[in-house]
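Each remark here refers to the structure printed beneath this line.
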Amino acid sequence: MMGSYKPKIGPLRMGGPRALGDFAAIVGIIAVLAVVPFAVTSSYLLSALSMALLFGVITATYDFASIRTGYINLGYTFIMGIAGYVAFLSTSSPQLLALLAAVGGALGGVLMALPGFRLRGPFYAMATLIFPFVLIVIARTMYDVFKGDDGVPVPFWLPVGGPYAYYLVFSFAVVSLLVLYVLIRTRFGTILKSMSEDEILVESNGINTNIIKLVSFVIAGTIAGISTFLYVSLQGVMSTAVIEPIPLLIYMLLACGIYKPGGVVWSFMGGIGLYMFDIYLRGATPELRLAIISAMLIIIYFLIRGRHAAR
Amino acid sequence: MYEILFFSLVLGSCYALMTAGFNLLLGVARIINLAYGAYMALVAYLYSGFSESMPVPIAAMLAMAISVALGTFGWIILRFIRRDEVLMIVVSLAIALLIEGALIWGYGPYQRVVPALVSGSLGWVSAQWLLAILVSVAVLAGYYIIIGRTVIGKKMVAIAENADLALMMGINPAKVYLFTTFLASLFASLASLMISPFLTVSPQVAWLYLTIVLSVSIVGGLGSVGGSLIAAFLISFAERFSAYYLDPSVEPFVPLLLIILVLLFRPQGILGRGATRWA
Amino acid sequence: MLRVESVSKRFGGVVALDGVSVEVDKGELMGLIGPNGSGKTTLFNVVTGHVKPDNGRVVFDGMDITRKPVHLRVKIGIARSFQQPKYFPSLTVRDNLRVATRDEGLIEEALKVVGLSGKSSVPAAKLTLHEIRRLELARCLALRPKLVLLDEPMAGLAMREAAELGELIKSLNSTMGLTYVIVEHRLSSLFKVVERVVVMNAGRKIAEGTPEDVVRNPLVKQAYLGRS
Ligand SMILES: Nc1ncnc2c1ncn2[C@@H]1O[C@H](COP(=O)(O)OP(=O)(O)OP(=O)(O)O)[C@@H](O)[C@H]1O
Ligand SMILES: [Mg+2]
């Protein structure tokens with residue numbers, strides 16, 4: 001291994017056994033997901049799976065912007081809230097909805113990156129946790145506009161439950177993952193990774209770390225915003241349930257820690273799995289559900305501990 | 001008008017009391033306790049549960065006794081988690097969820113009314129309002145006497161200032177931390193008894209409490225008890241007056257706006273010291 | 001090239017810098033010595049922007065940079081290494097440098113100059129201390145600096161490794177015209193490299209001159225003997 005010659009392929013690097021293994025896994029997963037509609041006939045299951053795919057994408061963006069940079073964000077669902085409200089409160093045309101959700105998501109990303117200019121570590125985590133809670137309070141008190149827990153109704157444009165909706169979501173997921181996968185293999189991705197290891201050193205390399213945080217959250221927010229648009233379209237209503245950070249955030253944290261931090265594809269899969277698990281859990285009593293989720297939280301700790309102990 | 005002024009004072013004192021406990025834990029013991037709101041919800045439920053079968057003052061005292069004992073006992077867990085910041089966040093969130101689950105299991109997911117500790121009123125001022133102010137003022141004054149006059153209080157300040165130095169000076173931190181946890185539990189329990197009667201309480205109220213505590217702490221300065229006092233009244237007055245003069249719908253935006261302003265111009269908070277330093 | 005004008009900095013009760021003025025000329029190899037806690041690292045931090053001074057100015061290439069953020073100072077040509085070596089442990093050696101520049105050719109060159117070409121795909125966590133010091137140097141080179149500040153680059157190295165590093169620094173100075181300020185406690189190794197030395201004690205500059213002059217200076221002797 002040591003000293004072996006490594007060919008340069010522009011700024012984009014493939015190669016190395018691990019990257020190859022990842023690549024094979026990704027292709028395998030995509031292939032399996034592509035044929036799902038032939039195997040699954042239940043339209044309920046198919047739409048559940050579509051939502052899980054979208055949640056997987058959102059988790060992958062969370063991994064990209066938050067876990068990878070070491071800015072653990074506990075209010076990521078705020079981005080979904082902003083994207084959803086910006087889009088569904090202003091228009092009903094599907095194309096415009098997608099566009100506005102992307103813009104809203106980017107805006108949410110900016111807002112989530114801002115506290116990171118001044119706070120880090122647990123302080124950043126605490127500050128960001130407030131955002132979705134405040135948004136929920138706002139959505140409830142300004143019921144006339146946001147319709148609180150009942151939610152803003154969504155125009156019907158997506159035939160939910162059929163293979164068409166699934167394949168739309170599936171192609172979106174594949175494209176998003178590809179974008180993230182390529183991005184983390186560029187210099188920008190290397191810088192994101194280096195941020196979590198030593199931010200002071202990144203600055204000493206002549207890099208404005210605030211811009212890095214901003215750009216990563218805007219990219220993540222834009223993709224998460226479009227995902228939210230599809231997610232809400234499948235669900236049929238844009239309500240405070242979309243913003244509720246618990247338990248979604250716990251699933252995201254858990255999914256990002258499952259394999260190795262910063263592997264967006266693994267986070268994507270983890271997100272899908274945990275979302276399906278959550279759907280299964282919904283049949284359980286609420287207290288059992290809370291107990292299981294809190295047990296998961298403790299698992300997360302052990303999964304992400306190694307990385308923090310290294311510092 | 002006077003009513004608004006007075007009610008701002010009432011809620012401000014409740015905010016101050018609840019945030020003081022959180023920041024005490026953060027400032028002295030370096031613990032981020034995200035289960036704090038759930039703990040307050042637990043107190044409210046215990047009290048309201050007991051009050052169904054016994055007179056209100058006895059129910060309040062029983063609830064206080066149980067919850068302060070529980071909270072102080074919670075130090076055993078808190079001591080374990082303060083080793084790692086991610087662990088603090090994750091485990092305290094898990095505890096919050098467990099408490100929420102226990103409340104749903106024990107009392108059902110419904111809204112419930114928490115009875116006022118005292119009934120009656122003086123003119124337009126209800127007795128519960130007066131009590132809330134009196135208790136908050138008394139407790140916080142007591143706190144300042146403790147840290148100013150007593151040995152354990154001075155040790156608390158020493159540890160908050162510089163834990164390593166305090167250790168070198170021969171202060172045994174274990175006792176101080178236990179006492180700090182006791183104080184924080186006391187503050188949280190009292191605050192919950194004061195503020196819960198103003199609200200309709202459901203198990204989710206845990207997150208409302210946590211939102212208030214975090215907002216006030218960030219504005220006042222994380223880990224600073226003095227800062228949380230100022231921020232509590234600032235937020236409370238700003239909320240009430242913006243609702244009165246501008247529009248009731250702007251009220252929930254006020255804390256968010258203040259947080260953004262603070263993050264922009266004074267990221268460590270009003271009285272905080274370098275929130276960016278130990279992280 | 002660099003002019004520090006009567007800079008002061010207090011940390012609480014500690015006066016870390018007390019009206020320090022230092023000038024560094026282009027192409028110079030300057031040593032900065034002083035007992036522990038005399039303010040050498042703080043002076044570096046003021047020059048790089050990691051610490052904002054209470055008073056005084058920092059002028060670089062005729063530009064007042066006292067209030068400039070860290071990353072912009074790097075962009076105008078100030079690179080540094082840290083007393084506690086800093087690097088990205090989980091990134092490969094080459095990726096460590098990729099954070100500094102997007103120019104792949106420059107990275108190869110920097111690695112070759114410090115002799116780490118063979119280790120370019122090894123994670124930095126696997127490097128020895130000697131290699132890490134050279135990685136830090138390579139990172140500074142990849143930033144295309146005019147001025148390089150090295151904070152105890154030889155600490156923890158064996159005699160021969162220290163000498164090697166000294167030679168490397170010297171050759172970079174003559175071939176690329178890089179200006180250096182080096183903080184070092186190993187005076188004998190340092191004096192083989194630098195042409196001029198500034199001595200600090202308790203936040204003040206107490207002497208400056210050639211290595212020979214400085215070691216004879218009674219104030220310097222006192223500063224070094226007076227402690228312990
Ligand atoms: N960020 C800081 N906060 C508080 N005090 C500091 C800080 N940085 C430095 N000091 C103090 O300033 C003084 C000067 O420290 P500095 O690190 O500059 O010394 P030095 O000359 O580099 O010492 P050494 O040779 O041990 O590296 C010391 O007393 C130190 O404790
Ligand atoms: Mg030093």
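Numbering starts fresh at 1 for the residues of each chain in the structure tokens, the chains themselves are lettered A, B, ... in the order given, and ligands are numbered from 1 as they appear.
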
Point to revise | Nearby polymer residues, ligand 1, at most 9 Å, only C-alpha atoms and all ligand atoms, as a ChimeraX atom specification | key: /C:9-17,33-45,51,83,151-152,183-185,200-203

Let's have the selection written as a compact mmCIF listing (two decimals), in the first residue's frame, with N, CA and C atoms.
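Listing of out01.txt after writing:
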# COMPACT_ATOMS: atom_id res chain seq x y z
N LYS C 9 -1.06 42.54 24.97
CA LYS C 9 -2.20 41.63 25.13
C LYS C 9 -2.23 41.11 26.56
N ARG C 10 -3.39 41.24 27.19
CA ARG C 10 -3.58 40.65 28.52
C ARG C 10 -4.59 39.52 28.41
N PHE C 11 -4.36 38.47 29.21
CA PHE C 11 -5.38 37.44 29.40
C PHE C 11 -5.77 37.50 30.87
N GLY C 12 -6.90 38.11 31.17
CA GLY C 12 -7.26 38.26 32.57
C GLY C 12 -6.15 39.02 33.28
N GLY C 13 -5.53 38.40 34.27
CA GLY C 13 -4.47 39.09 35.00
C GLY C 13 -3.10 38.94 34.36
N VAL C 14 -2.97 38.01 33.40
CA VAL C 14 -1.66 37.73 32.82
C VAL C 14 -1.37 38.70 31.69
N VAL C 15 -0.24 39.37 31.78
CA VAL C 15 0.17 40.22 30.66
C VAL C 15 1.04 39.36 29.75
N ALA C 16 0.47 38.91 28.64
CA ALA C 16 1.20 38.00 27.76
C ALA C 16 2.15 38.78 26.85
N LEU C 17 1.73 39.97 26.41
CA LEU C 17 2.58 40.83 25.59
C LEU C 17 2.49 42.24 26.15
N ILE C 33 13.28 33.66 20.72
CA ILE C 33 13.46 32.78 21.87
C ILE C 33 13.03 33.48 23.15
N GLY C 34 12.97 32.71 24.21
CA GLY C 34 12.56 33.24 25.51
C GLY C 34 12.10 32.10 26.39
N PRO C 35 12.12 32.32 27.70
CA PRO C 35 11.70 31.26 28.61
C PRO C 35 10.23 30.91 28.40
N ASN C 36 9.78 29.84 29.02
CA ASN C 36 8.37 29.43 28.90
C ASN C 36 7.46 30.55 29.38
N GLY C 37 6.37 30.74 28.64
CA GLY C 37 5.39 31.74 29.06
C GLY C 37 5.82 33.17 28.80
N SER C 38 6.83 33.36 27.96
CA SER C 38 7.29 34.73 27.75
C SER C 38 6.49 35.44 26.66
N GLY C 39 5.61 34.74 26.00
CA GLY C 39 4.72 35.41 25.05
C GLY C 39 5.04 35.16 23.59
N LYS C 40 5.90 34.19 23.31
CA LYS C 40 6.29 33.94 21.92
C LYS C 40 5.10 33.46 21.09
N THR C 41 4.41 32.46 21.61
CA THR C 41 3.26 31.94 20.86
C THR C 41 2.18 33.01 20.73
N THR C 42 1.99 33.79 21.78
CA THR C 42 0.99 34.85 21.70
C THR C 42 1.35 35.86 20.61
N LEU C 43 2.64 36.15 20.48
CA LEU C 43 3.06 37.07 19.43
C LEU C 43 2.71 36.49 18.05
N PHE C 44 2.97 35.20 17.87
CA PHE C 44 2.57 34.54 16.62
C PHE C 44 1.07 34.67 16.40
N ASN C 45 0.32 34.40 17.48
CA ASN C 45 -1.14 34.46 17.35
C ASN C 45 -1.62 35.85 16.96
N VAL C 51 -5.30 35.78 17.81
CA VAL C 51 -5.53 36.58 19.01
C VAL C 51 -5.58 38.05 18.57
N GLN C 83 2.53 25.06 17.83
CA GLN C 83 3.36 24.43 18.86
C GLN C 83 2.91 23.00 19.11
N ASP C 151 6.40 27.44 15.06
CA ASP C 151 6.39 27.44 16.52
C ASP C 151 6.97 26.13 17.02
N GLU C 152 8.22 26.18 17.46
CA GLU C 152 8.94 25.02 17.98
C GLU C 152 8.90 23.83 17.02
N VAL C 183 10.31 30.02 16.41
CA VAL C 183 10.38 29.93 17.86
C VAL C 183 10.99 28.59 18.20
N GLU C 184 11.98 28.57 19.06
CA GLU C 184 12.61 27.29 19.37
C GLU C 184 13.30 27.34 20.72
N HIS C 185 13.15 26.28 21.48
CA HIS C 185 13.87 26.21 22.75
C HIS C 185 15.24 25.56 22.59
N MET C 200 12.66 37.30 24.13
CA MET C 200 11.54 37.85 24.91
C MET C 200 11.60 37.31 26.32
N ASN C 201 11.09 38.11 27.24
CA ASN C 201 10.93 37.63 28.61
C ASN C 201 9.73 38.35 29.21
N ALA C 202 8.84 37.58 29.83
CA ALA C 202 7.67 38.14 30.51
C ALA C 202 6.93 39.17 29.64
N GLY C 203 6.72 38.83 28.38
CA GLY C 203 5.91 39.68 27.51
C GLY C 203 6.65 40.85 26.92

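Using only C-alpha atoms, the part of chain A that sits within 7 Å of chain C is made up of Met2, Gly3, Arg187, Thr190, Ile191, Ser194, Glu197, Asp198, Leu201, Glu203, Ser204, Asn205, Gly206, Ile207 and Asn208 of chain A.
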
Practice item. Would you work out the distance separating CA of Ala59 in chain B from CA of Leu78 in chain B, expressed in Å to one decimal? Key: 27.5 Å

Review point. Which distance in Å separates CA of Ile32 in chain B and CA of Leu261 in chain B, to one decimal?
Key: 23.0 Å

**Study point:** CA of Asp150 in chain A to CA of Leu135 in chain A, straight-line distance in Å
**Key:** 14.8 Å

Practice item. Using only C-alpha atoms, select each residue of chain A with any atom at most 8 Å away from an atom of chain B, and give the selection as a ChimeraX atom specification. Key: /A:115,118-123,126-127,130-131,133-134,137-138,141-142,286-288,290-291,293-295,297-298,300-301,305

Practice item. From range 14-242 of chain B, collect each residue whose DSSP state is alpha helix (DSSP H) and return the set as a VMD selection string. Key: chain B and resid 14 to 29 36 to 50 56 to 73 75 to 81 85 to 107 127 to 149 151 to 161 163 to 168 173 to 195 205 to 220 225 to 242

Review point. Pick the closest to Val160 in chain A from A:Leu49, A:Val86, A:Ala139, A:Ile211: which is it, counting only C-alpha atoms?
Key: A:Leu49

Point to revise | For Val179 in chain A: contacts at 12 Å, only C-alpha atoms, fewer than 4 positions along chain excluded, given as a list of chain:residue names | key: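 Contacts, in chain order: A:Val57, A:Ala60, A:Thr61, A:Phe64, A:Phe172, A:Ala173, A:Val174, A:Val175, A:Leu183, A:Ile184, A:Arg185, A:Thr186, A:Gly189, A:Ile219, A:Ala220, A:Thr222, A:Ile223, A:Val264, A:Val265.
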
Review point. If you count only C-alpha atoms, which residues fall within 10 Å of Ala25 in chain A, apart from same-chain ones fewer than 5 positions away, as a count of residues only?
Key: 6

7 Å contact set for Leu249 in chain A, only C-alpha atoms, chain neighbours under 4 positions out, as a PDB file with N, CA and C atoms, in the first residue's frame:
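As written to disk, result06.pdb reads:
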ATOM      1  N   LEU A  74     -29.284  20.056  15.888  1.00  0.00           N
ATOM      2  CA  LEU A  74     -30.417  19.321  16.449  1.00  0.00           C
ATOM      3  C   LEU A  74     -31.748  19.877  15.954  1.00  0.00           C
ATOM      4  N   PRO A 245     -39.110  17.811  15.699  1.00  0.00           N
ATOM      5  CA  PRO A 245     -37.746  17.276  15.599  1.00  0.00           C
ATOM      6  C   PRO A 245     -37.590  15.900  16.239  1.00  0.00           C
ATOM      7  N   LEU A 253     -29.660  11.174  13.337  1.00  0.00           N
ATOM      8  CA  LEU A 253     -28.397  11.005  14.064  1.00  0.00           C
ATOM      9  C   LEU A 253     -27.968   9.545  14.041  1.00  0.00           C
TER      10      LEU A 253
END

Practice item. Can you list, as a PyMOL selection string, all residues belonging to range 34-152 of chain B that DSSP tags as strand (DSSP E or B)? Key: chain B and resi 112-113+121-122+125-126

Exercise for review: Using only C-alpha atoms, determine which residues lie at most 10 Å from Leu199 in chain B, disregarding the query and same-chain residues fewer than 4 positions distant; provide the list as a PyMOL selection string.
Suggested key: chain B and resi 111-114+195+205

Write a file of the just-selected residues containing C-alpha atoms, as a compact mmCIF listing (two decimals), in the first residue's frame.
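Contents of part06.txt, as written:
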# COMPACT_ATOMS: atom_id res chain seq x y z
CA GLN B 111 -54.30 18.01 28.09
CA ARG B 112 -54.89 18.62 31.72
CA VAL B 113 -55.45 21.55 33.99
CA VAL B 114 -52.97 22.22 36.73
CA ILE B 195 -45.83 28.52 35.71
CA VAL B 205 -45.24 20.72 27.44

Check your understanding: Leu2 in chain C: which residues within 6 Å, counting only C-alpha atoms, same-chain residues fewer than 6 positions away excluded, as a list in words?
Key -> Glu23, Val24, Val59 and Phe60 of chain C

With C-alpha atoms kept, could you save the residues just selected as a PDB file, in the first residue's frame?
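This is the output file part-v9.pdb:
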ATOM      1  CA  GLU C  23      10.478  43.934  12.494  1.00  0.00           C
ATOM      2  CA  VAL C  24      11.173  41.157  10.051  1.00  0.00           C
ATOM      3  CA  VAL C  59       1.702  45.787   9.440  1.00  0.00           C
ATOM      4  CA  PHE C  60       2.469  43.354   6.643  1.00  0.00           C
TER       5      PHE C  60
END
